[in-house]
Amino acid sequence: MMTQRFHAICWSLLAVFAAALAGCVEAESEPPKFRLNMTQVTANQLVPAHQQAIADILDAMFGTPDKPFALPETGLDLRKLKMAAGPVWSDQAGGKHGLYRRHCAHCHGISGAGDGPTAMIVNPYPRDYRPGVYKFKSTFNPNEPTDEDLHHTLMDGVPGTAMPAFSVLPPDEVAALLEYVKYLSMRGQMESLLVEFIVNNLDYDPVTEKGSPLDLVNDPDQREEVMALLADDVVAKWQAEGQVVVVPDESAIPPNDRNAAELAASVKAGNVLFYGTKANCVKCHGPTGLGDGQQDDYDIWSKADRQFMLDTDALADSIKTDTASLAELDGEAWDAANAELDAKKRALVERREVAAGLLPPRNAIPRNLRTNMFRGGRRPLDIYRRIHQGIAGTPMPAGGPAVPGAQGTLTEQEMWQIVDYIRSLPFEPASQPQERPLNSEAVVY
Amino acid sequence: MNRFWSLVFLLVPVLGVATFVVAPYYHHWFPRDISEHGRVIDQLFMFILWLTGVVFIATEGALFYFMWKYNASNNREPVKFSHGSHTLEVVWTILPTVTLLFIAIYQMNAWADAKMRKPDVPITAEITGRQFNWDVRYPGADGELYTPDDVFRYDGMIHLPAHEEVLLLIKSSDVLHSFFLPNLRMKQDVVPGMGQNMWFKAKDTGEFDIVCAELCGWGHYKMKGRVTFESRVDYNAWLQRMYDEQEAKTVAMTPEE
């Protein structure tokens, strides 16, 4: 009796293990896919046929998460991409595969949309690579970052965020990840261009099948146009010729051997600029420099999601008013209005579905300048570049010229004075760790 | 089948002991010890391992013997229970008590050296655990923390001087972490809001592992780093180089690695 029951328990345990094992194998069998940017697709009301066309073109241009591909004109190194892509495994020699999924995907997501499973529990949210906009870089604001900029972020992480340093990885693995990030950005940028292309150029109606569909295989003109978009509006931006690095004017750089009085004078001038209307740092970073000024703005990534949510709410409202006004109509007018209302309702269902998957938009909180934490680097050069070009994608504006050679709001000298002031802020007595009060006892642990 | 189960249970001590015997040959043993105090800690470990090992083998042997001898299918006689051997109870209470007390007293000095007798030296570096990185702040040339010449590093590659007493201040900026230097036999939990100290003396130069030894979140496994011990001269030169890099105002002054 006892033995029978014991055997029954053993067998059922074995069955559970077998089921679990089968589950694992099955879970592996479906390879992950790149997903379209549904906010973009839905906001532009692309029909399924167009969505499929975009997905197909992107697959042909960039491959899949397991089998990446790069056209030679992208300049991407396919060998590096293959090292970074695919499922996580290690070969017998200890070589690591699937680096992106091993290290990055849980935050940045398979498609690089910053929507991995852990994205919602980190603040700030992980970067969405798809627009190709990066905050911490040496280039002019609208330019893409250089390889060195991305390398710096990978090696040092982003202090004050959940982005760690990957400096313990071998250099070839870091290089592979860097290439893959660029690849995801290029793919995302191409996707946006294709959406734009359809919206602006195609008159295709999938119901009547009239007009010209997006079909690069059978339409060489379209093919040429799209390839030109890839070359001019994507690839060129990632090549050194398309990027202008911010180089400080040698004559305005403060010398290293300034004495205390000179430094103090520069800090003082920076202080005046900080609070003045010209630089107006105080507007966002606040009168205390704690980042407690204007805090209700958004960065572009949150702004896009937020706009989508607001538009969805507006659509819901308009459905309400349309339903109310429907009662006043009859006959053909009613039919037409009702058909329109149905279309709106379908659109609302789609939009709500997409909106439910978005991360809740968060305000862009200006940096607290007293914590001695500079996310994009603490070198005077880094801070200078932040002031010179602002921070792309955020409300932080550029103080320097928008394009090389133009006239900026601030002069070189003024920017360096602000740099000096910013660098002095964490060392003002108010920012320092407080001494233990004299009448208290030290606690020994 | 008669004595199948007693043999199965004999596998526990046999495999248990075999694991310990074989492990060092496959390098699944202690990482190289480069600290001054590590010898004491390793000796304590080995002492306790041998002590518990002998007791383990004896106990498991006795268990096996009884299972083998009093197997139900070979013993038809009813079981006899014995109760209340005063002497036996006193012996098996006093023996472990004395042993445990001995271990407690014997290790006291090692514990005090590692956790209580903080050396009177300035802080070499402040290390802050952050989900999921080790951020380091070195006092600059003036040797004092929280001054404008402090050097900040975020790349998880810590440098420290060898052959001298190193005092670290360890903090957390978010949750519990644990700063673990396996090659120095040092591990310190990091508690948010508390400054912890850790001190040691490395007797060798080279690059060694840093790991986070407290599950601190989903990125816990990312909190790996490397610590480089180098001579005071090299260390000072490195610190100066890092300072110069941190002060860079021109593009030319920032050679990218």
# chains A, B, ... in the order shown; residues from 1 in each chain; ligands from 1
>>> interface_residues(of="chain A", to="chain B", cutoff="9 Å", atoms="only C-alpha atoms", output="MDAnalysis selection string")
chainID A and resid 103 118 148 152 154:168 246:250 253:254 256 377:382 384 423:424 426:427 432:433 445
>>> residues_around(residues="His163 of chain B", least_positions_apart="5", cutoff="12 Å", atoms="only C-alpha atoms", output="list in words")
Ile34, Ser35, Glu36, Phe200, Lys201, Ala202, Lys203, Asp204, Thr205, Gly206, Phe229, Glu230, Ser231, Arg232, Val233 and Tyr235 of chain B
>>> write_last_selection(atoms="N, CA and C atoms", output="PDB file, in the first residue's frame")
ATOM      1  N   ILE B  34      45.236  36.632  -1.608  1.00  0.00           N
ATOM      2  CA  ILE B  34      46.329  37.603  -1.739  1.00  0.00           C
ATOM      3  C   ILE B  34      46.364  38.553  -0.545  1.00  0.00           C
ATOM      4  N   SER B  35      45.592  38.220   0.514  1.00  0.00           N
ATOM      5  CA  SER B  35      45.542  39.146   1.641  1.00  0.00           C
ATOM      6  C   SER B  35      46.421  38.653   2.786  1.00  0.00           C
ATOM      7  N   GLU B  36      46.708  39.570   3.679  1.00  0.00           N
ATOM      8  CA  GLU B  36      47.543  39.241   4.838  1.00  0.00           C
ATOM      9  C   GLU B  36      46.774  38.387   5.833  1.00  0.00           C
ATOM     10  N   PHE B 200      41.940  45.903   4.703  1.00  0.00           N
ATOM     11  CA  PHE B 200      42.762  44.737   4.382  1.00  0.00           C
ATOM     12  C   PHE B 200      44.088  45.218   3.857  1.00  0.00           C
ATOM     13  N   LYS B 201      44.984  44.254   3.698  1.00  0.00           N
ATOM     14  CA  LYS B 201      46.300  44.556   3.163  1.00  0.00           C
ATOM     15  C   LYS B 201      46.579  43.512   2.100  1.00  0.00           C
ATOM     16  N   ALA B 202      46.714  43.951   0.864  1.00  0.00           N
ATOM     17  CA  ALA B 202      46.997  42.993  -0.205  1.00  0.00           C
ATOM     18  C   ALA B 202      48.494  42.774  -0.270  1.00  0.00           C
ATOM     19  N   LYS B 203      48.910  41.495  -0.365  1.00  0.00           N
ATOM     20  CA  LYS B 203      50.348  41.244  -0.383  1.00  0.00           C
ATOM     21  C   LYS B 203      50.842  40.947  -1.789  1.00  0.00           C
ATOM     22  N   ASP B 204      49.959  41.136  -2.773  1.00  0.00           N
ATOM     23  CA  ASP B 204      50.370  40.867  -4.146  1.00  0.00           C
ATOM     24  C   ASP B 204      49.692  41.860  -5.081  1.00  0.00           C
ATOM     25  N   THR B 205      50.297  42.102  -6.228  1.00  0.00           N
ATOM     26  CA  THR B 205      49.672  42.965  -7.217  1.00  0.00           C
ATOM     27  C   THR B 205      48.940  42.103  -8.237  1.00  0.00           C
ATOM     28  N   GLY B 206      48.093  42.726  -9.024  1.00  0.00           N
ATOM     29  CA  GLY B 206      47.364  41.989 -10.049  1.00  0.00           C
ATOM     30  C   GLY B 206      45.906  42.373 -10.079  1.00  0.00           C
ATOM     31  N   PHE B 229      45.312  45.651  -7.896  1.00  0.00           N
ATOM     32  CA  PHE B 229      46.258  46.064  -6.863  1.00  0.00           C
ATOM     33  C   PHE B 229      47.584  46.374  -7.525  1.00  0.00           C
ATOM     34  N   GLU B 230      48.127  47.524  -7.198  1.00  0.00           N
ATOM     35  CA  GLU B 230      49.410  47.898  -7.780  1.00  0.00           C
ATOM     36  C   GLU B 230      50.241  48.623  -6.724  1.00  0.00           C
ATOM     37  N   SER B 231      51.501  48.758  -7.020  1.00  0.00           N
ATOM     38  CA  SER B 231      52.388  49.393  -6.050  1.00  0.00           C
ATOM     39  C   SER B 231      51.946  50.839  -5.836  1.00  0.00           C
ATOM     40  N   ARG B 232      52.336  51.415  -4.719  1.00  0.00           N
ATOM     41  CA  ARG B 232      51.939  52.780  -4.384  1.00  0.00           C
ATOM     42  C   ARG B 232      52.318  53.753  -5.501  1.00  0.00           C
ATOM     43  N   VAL B 233      53.500  53.552  -6.076  1.00  0.00           N
ATOM     44  CA  VAL B 233      53.969  54.454  -7.130  1.00  0.00           C
ATOM     45  C   VAL B 233      53.051  54.359  -8.344  1.00  0.00           C
ATOM     46  N   TYR B 235      50.040  53.203  -8.383  1.00  0.00           N
ATOM     47  CA  TYR B 235      48.708  53.636  -7.991  1.00  0.00           C
ATOM     48  C   TYR B 235      48.595  55.156  -8.063  1.00  0.00           C
TER      49      TYR B 235
END
>>> select_by_dssp(residues="segment 48-126 of chain A", states="strand (DSSP E or B)", output="list in words")
Gly63, Pro68, Trp89, Ser90, Lys96 and His97 of chain A
>>> closest_residue(among="B:Val90, B:Val191, B:Ala125, B:Val211", to="Leu145 of chain B", atoms="only C-alpha atoms")
B:Ala125
>>> closest_residue(among="B:Gln188, B:Ser85, B:Leu239, B:Ile94", to="Tyr138 of chain B", atoms="only C-alpha atoms")
B:Leu239
>>> select_by_dssp(residues="segment 46-124 of chain B", states="helix (DSSP H, G or I)", output="VMD selection string")
chain B and resid 46 to 69 86 to 106 108 to 115
>>> residues_around(residues="segment 97-99 of chain B", least_positions_apart="6", cutoff="12 Å", atoms="only C-alpha atoms", output="mmCIF file with N, CA and C atoms, in the first residue's frame")
data_model
loop_
_atom_site.group_PDB
_atom_site.id
_atom_site.type_symbol
_atom_site.label_atom_id
_atom_site.label_comp_id
_atom_site.auth_asym_id
_atom_site.auth_seq_id
_atom_site.Cartn_x
_atom_site.Cartn_y
_atom_site.Cartn_z
ATOM 1 N N PHE B 47 39.876 24.157 9.517
ATOM 2 C CA PHE B 47 39.716 23.544 10.837
ATOM 3 C C PHE B 47 38.274 23.072 11.030
ATOM 4 N N ILE B 48 37.332 23.955 10.711
ATOM 5 C CA ILE B 48 35.922 23.609 10.903
ATOM 6 C C ILE B 48 35.499 22.537 9.903
ATOM 7 N N LEU B 51 36.798 19.260 11.268
ATOM 8 C CA LEU B 51 36.041 18.891 12.464
ATOM 9 C C LEU B 51 34.665 18.352 12.084
ATOM 10 N N THR B 52 33.934 19.140 11.287
ATOM 11 C CA THR B 52 32.590 18.709 10.896
ATOM 12 C C THR B 52 32.669 17.504 9.967
ATOM 13 N N VAL B 55 33.037 14.363 12.099
ATOM 14 C CA VAL B 55 31.766 14.082 12.764
ATOM 15 C C VAL B 55 30.740 13.577 11.739
ATOM 16 N N VAL B 90 24.192 13.574 29.051
ATOM 17 C CA VAL B 90 25.167 14.569 29.522
ATOM 18 C C VAL B 90 26.336 14.647 28.538
ATOM 19 N N VAL B 91 26.789 13.494 28.095
ATOM 20 C CA VAL B 91 27.949 13.467 27.191
ATOM 21 C C VAL B 91 27.609 14.167 25.883
ATOM 22 N N ILE B 105 35.357 30.969 20.647
ATOM 23 C CA ILE B 105 36.447 31.720 21.273
ATOM 24 C C ILE B 105 37.675 31.753 20.354
ATOM 25 N N TYR B 106 37.908 30.591 19.706
ATOM 26 C CA TYR B 106 39.084 30.455 18.857
ATOM 27 C C TYR B 106 39.062 31.450 17.694
#
>>> atom_distance(atom1="atom CA of Ala58 of chain B", atom2="atom CA of Leu100 of chain B")
17.9 Å
>>> atom_distance(atom1="atom CA of Ser212 of chain A", atom2="atom CA of Gly63 of chain A")
25.1 Å
>>> closest_residue(among="A:Leu369, A:Ala327, A:Ala236, A:Ala252", to="Gly293 of chain A", atoms="only C-alpha atoms")
A:Leu369
>>> residues_around(residues="Thr411 of chain A", least_positions_apart="4", cutoff="12 Å", atoms="only C-alpha atoms", output="MDAnalysis selection string")
chainID A and resid 248:249 251:253 270 273 278:279 384 387:388 398:401 406:407 415:418
>>> closest_residue(among="A:Gln51, A:Asn37, A:Gln295, A:Thr321", to="Ala337 of chain A", atoms="only C-alpha atoms")
A:Thr321
>>> atom_distance(atom1="atom CA of Gly140 of chain B", atom2="atom CA of Arg385 of chain A")
24.7 Å
